[in-house]
>>> print(open('input-v7.csv').read())   # CSV, C-alpha atoms
chain,number,residue,atom,x,y,z
A,14,ALA,CA,0.0,30.5,3.5
A,15,ALA,CA,0.4,26.9,4.9
A,16,GLY,CA,-0.5,25.4,1.6
A,17,ILE,CA,2.0,27.5,-0.3
A,18,ALA,CA,4.7,26.7,2.3
A,19,THR,CA,3.9,23.0,1.8
A,20,LEU,CA,4.2,23.2,-1.9
A,21,ASP,CA,7.5,25.1,-1.4
A,22,VAL,CA,8.9,22.2,0.7
A,23,TYR,CA,7.8,19.7,-2.0
A,24,ARG,CA,9.6,21.7,-4.6
A,25,ASP,CA,12.7,22.5,-2.5
A,26,GLU,CA,13.1,18.9,-1.4
A,27,GLY,CA,12.4,17.5,-4.9
A,28,LEU,CA,9.6,15.3,-3.6
A,29,PHE,CA,7.6,15.3,-6.8
A,30,ASP,CA,10.6,14.2,-8.8
A,31,ARG,CA,11.3,11.5,-6.2
A,32,VAL,CA,7.8,10.2,-6.5
A,33,SER,CA,8.1,10.1,-10.2
A,34,ASP,CA,11.4,8.1,-9.9
A,35,LEU,CA,9.7,5.6,-7.6
A,36,THR,CA,6.5,5.1,-9.6
A,37,ASP,CA,7.7,2.1,-11.7
A,38,LEU,CA,9.3,0.3,-8.7
A,39,TRP,CA,6.2,0.9,-6.7
A,40,ALA,CA,3.9,-0.5,-9.4
A,41,ASP,CA,6.1,-3.5,-10.0
A,42,THR,CA,6.4,-4.3,-6.3
A,43,MET,CA,2.7,-4.0,-5.7
A,44,HIS,CA,1.8,-6.1,-8.8
A,45,ASP,CA,4.2,-8.8,-7.5
A,46,LEU,CA,1.5,-9.4,-4.8
A,47,LYS,CA,-0.9,-10.7,-7.4
A,48,ASP,CA,-0.2,-14.3,-6.4
A,49,ALA,CA,-0.9,-13.7,-2.7
A,50,PRO,CA,-3.9,-15.4,-1.1
A,51,TYR,CA,-7.3,-13.7,-1.8
A,52,VAL,CA,-6.0,-11.1,-4.2
A,53,THR,CA,-8.4,-10.5,-7.1
A,54,ASP,CA,-7.0,-7.2,-8.5
A,55,ILE,CA,-4.3,-4.7,-8.0
A,56,ARG,CA,-4.3,-1.1,-9.3
A,57,THR,CA,-1.6,1.6,-8.9
A,58,ILE,CA,-1.2,5.2,-9.8
A,59,GLY,CA,1.8,7.2,-8.6
A,60,LEU,CA,2.5,6.0,-5.1
A,61,VAL,CA,-1.0,4.8,-4.4
A,62,ALA,CA,-2.1,1.2,-4.7
A,63,ALA,CA,-5.4,-0.7,-4.1
A,64,ILE,CA,-5.3,-4.4,-3.6
A,65,ASP,CA,-8.7,-6.0,-3.9
A,66,LEU,CA,-9.4,-9.0,-1.9
A,67,GLU,CA,-11.9,-11.8,-2.5
A,68,PRO,CA,-14.8,-11.1,-0.1
A,69,GLU,CA,-16.0,-13.8,2.3
A,70,GLU,CA,-19.4,-15.0,1.1
A,71,GLY,CA,-22.2,-13.2,2.9
A,72,THR,CA,-19.9,-10.9,4.8
A,73,PRO,CA,-18.6,-8.1,2.5
A,74,GLY,CA,-15.9,-6.1,4.1
A,75,LYS,CA,-15.0,-8.7,6.7
A,76,ARG,CA,-11.8,-10.0,5.0
A,77,GLY,CA,-10.6,-6.4,4.5
A,78,PHE,CA,-11.2,-5.6,8.1
A,79,GLU,CA,-9.4,-8.7,9.2
A,80,ALA,CA,-6.5,-7.8,6.9
A,81,GLY,CA,-6.3,-4.3,8.4
A,82,CYS,CA,-6.2,-5.7,12.0
A,83,LYS,CA,-3.7,-8.4,11.2
A,84,ALA,CA,-1.4,-5.9,9.4
A,85,PHE,CA,-1.4,-3.6,12.4
A,86,GLU,CA,-1.2,-6.2,15.1
A,87,GLU,CA,1.1,-8.8,13.5
A,88,GLN,CA,3.2,-6.8,11.1
A,89,ASP,CA,3.3,-3.4,12.8
A,90,THR,CA,2.0,-1.9,9.5
A,91,MET,CA,-0.8,0.5,9.2
A,92,VAL,CA,-2.9,0.1,6.0
A,93,ARG,CA,-6.1,1.7,5.0
A,94,ILE,CA,-9.1,-0.6,4.4
A,95,ALA,CA,-12.0,0.2,2.0
A,96,ALA,CA,-14.4,-2.7,2.2
A,97,ASP,CA,-12.4,-5.6,0.9
A,98,SER,CA,-9.5,-3.6,-0.5
A,99,ILE,CA,-6.2,-2.7,1.1
A,100,VAL,CA,-5.3,0.8,0.0
A,101,LEU,CA,-1.7,2.0,0.4
A,102,SER,CA,-0.5,5.6,0.0
A,103,PRO,CA,2.9,5.9,1.6
A,104,PRO,CA,4.6,9.2,2.3
A,105,PHE,CA,6.7,10.7,-0.5
A,106,ILE,CA,9.9,10.1,1.5
A,107,ILE,CA,9.5,6.3,1.4
A,108,SER,CA,12.7,4.5,0.5
A,109,GLU,CA,13.1,1.6,-1.9
A,110,SER,CA,13.8,-0.7,1.0
A,111,GLN,CA,10.7,0.5,2.8
A,112,ILE,CA,8.6,-0.3,-0.3
A,113,ASP,CA,10.0,-3.8,-0.2
A,114,GLU,CA,9.3,-4.1,3.5
A,115,LEU,CA,5.7,-2.8,3.1
A,116,ALA,CA,5.0,-5.3,0.3
A,117,ALA,CA,6.5,-8.2,2.4
A,118,ASN,CA,4.3,-7.1,5.4
A,119,VAL,CA,1.2,-7.1,3.2
A,120,ARG,CA,2.1,-10.5,1.8
A,121,ALA,CA,2.6,-11.9,5.3
A,122,THR,CA,-0.7,-10.4,6.4
A,123,LEU,CA,-2.6,-12.0,3.5
A,124,GLU,CA,-0.9,-15.4,4.1
A,125,SER,CA,-2.0,-15.3,7.7
A,126,LEU,CA,-5.7,-14.8,6.9
>>> encode(input="input-v7.csv", output="structure tokens")
Amino acid sequence: AAGIATLDVYRDEGLFDRVSDLTDLWADTMHDLKDAPYVTDIRTIGLVAAIDLEPEEGTPGKRGFEAGCKAFEEQDTMVRIAADSIVLSPPFIISESQIDELAANVRATLESL
């Protein structure tokens, strides 16, 4: 029942259409980070992005861990880390200005590493 109610909210609030409308902006904004320090690859699908970071030699996962800590402590931004990748999956209600803010916070984090 809870799952059906959730899908009803998604439909009634037009959240799937909203995500569809934001997909191109999301991808463009995330790919604009390709020149940030340590970025080796960026992938997006829908409102999900993975930003791969160059690992520190001999310590895989360390740079990703440091990025996650710095994002939280210095930028008040919560990101998910998977080894040396920053994974972003914002809520479907994210606004265009919040997408820009998130990207700016990720860039600031990477520049501070």
>>> residues_around(input="input-v7.csv", residues="Val61 in chain A", least_positions_apart="5", cutoff="10 Å", atoms="all atoms listed in the file", output="count of residues only")
10
>>> atom_distance(input="input-v7.csv", atom1="CA of Arg31 in chain A", atom2="CA of Thr122 in chain A")
28.0 Å
>>> atom_distance(input="input-v7.csv", atom1="CA of Gly77 in chain A", atom2="CA of Asp48 in chain A")
17.0 Å
>>> atom_distance(input="input-v7.csv", atom1="CA of Ala15 in chain A", atom2="CA of Leu60 in chain A")
23.3 Å
>>> closest_residue(input="input-v7.csv", among="A:Ser98, A:Thr42, A:Ser33, A:Ser125", to="Asp65 in chain A", atoms="all atoms listed in the file")
A:Ser98
>>> closest_residue(input="input-v7.csv", among="A:Cys82, A:Leu46, A:Leu66, A:Ile99", to="Ala117 in chain A", atoms="only C-alpha atoms")
A:Leu46
>>> closest_residue(input="input-v7.csv", among="A:Val22, A:Asn118, A:Leu126, A:Lys47", to="Ala84 in chain A", atoms="all atoms listed in the file")
A:Asn118
>>> closest_residue(input="input-v7.csv", among="A:Arg24, A:His44, A:Ser110, A:Val119", to="Lys83 in chain A", atoms="only C-alpha atoms")
A:Val119
>>> closest_residue(input="input-v7.csv", among="A:Asp25, A:Asp41, A:Asp97, A:Glu87", to="Glu70 in chain A", atoms="all atoms listed in the file")
A:Asp97
>>> closest_residue(input="input-v7.csv", among="A:Glu124, A:Glu26, A:Asp54, A:Glu67", to="Gln88 in chain A", atoms="only C-alpha atoms")
A:Glu124
>>> residues_around(input="input-v7.csv", residues="Phe105 in chain A", least_positions_apart="5", cutoff="10 Å", atoms="only C-alpha atoms", output="list in words")
Tyr23, Gly27, Leu28, Phe29, Asp30, Arg31, Val32, Ser33, Leu35 and Leu60 of chain A
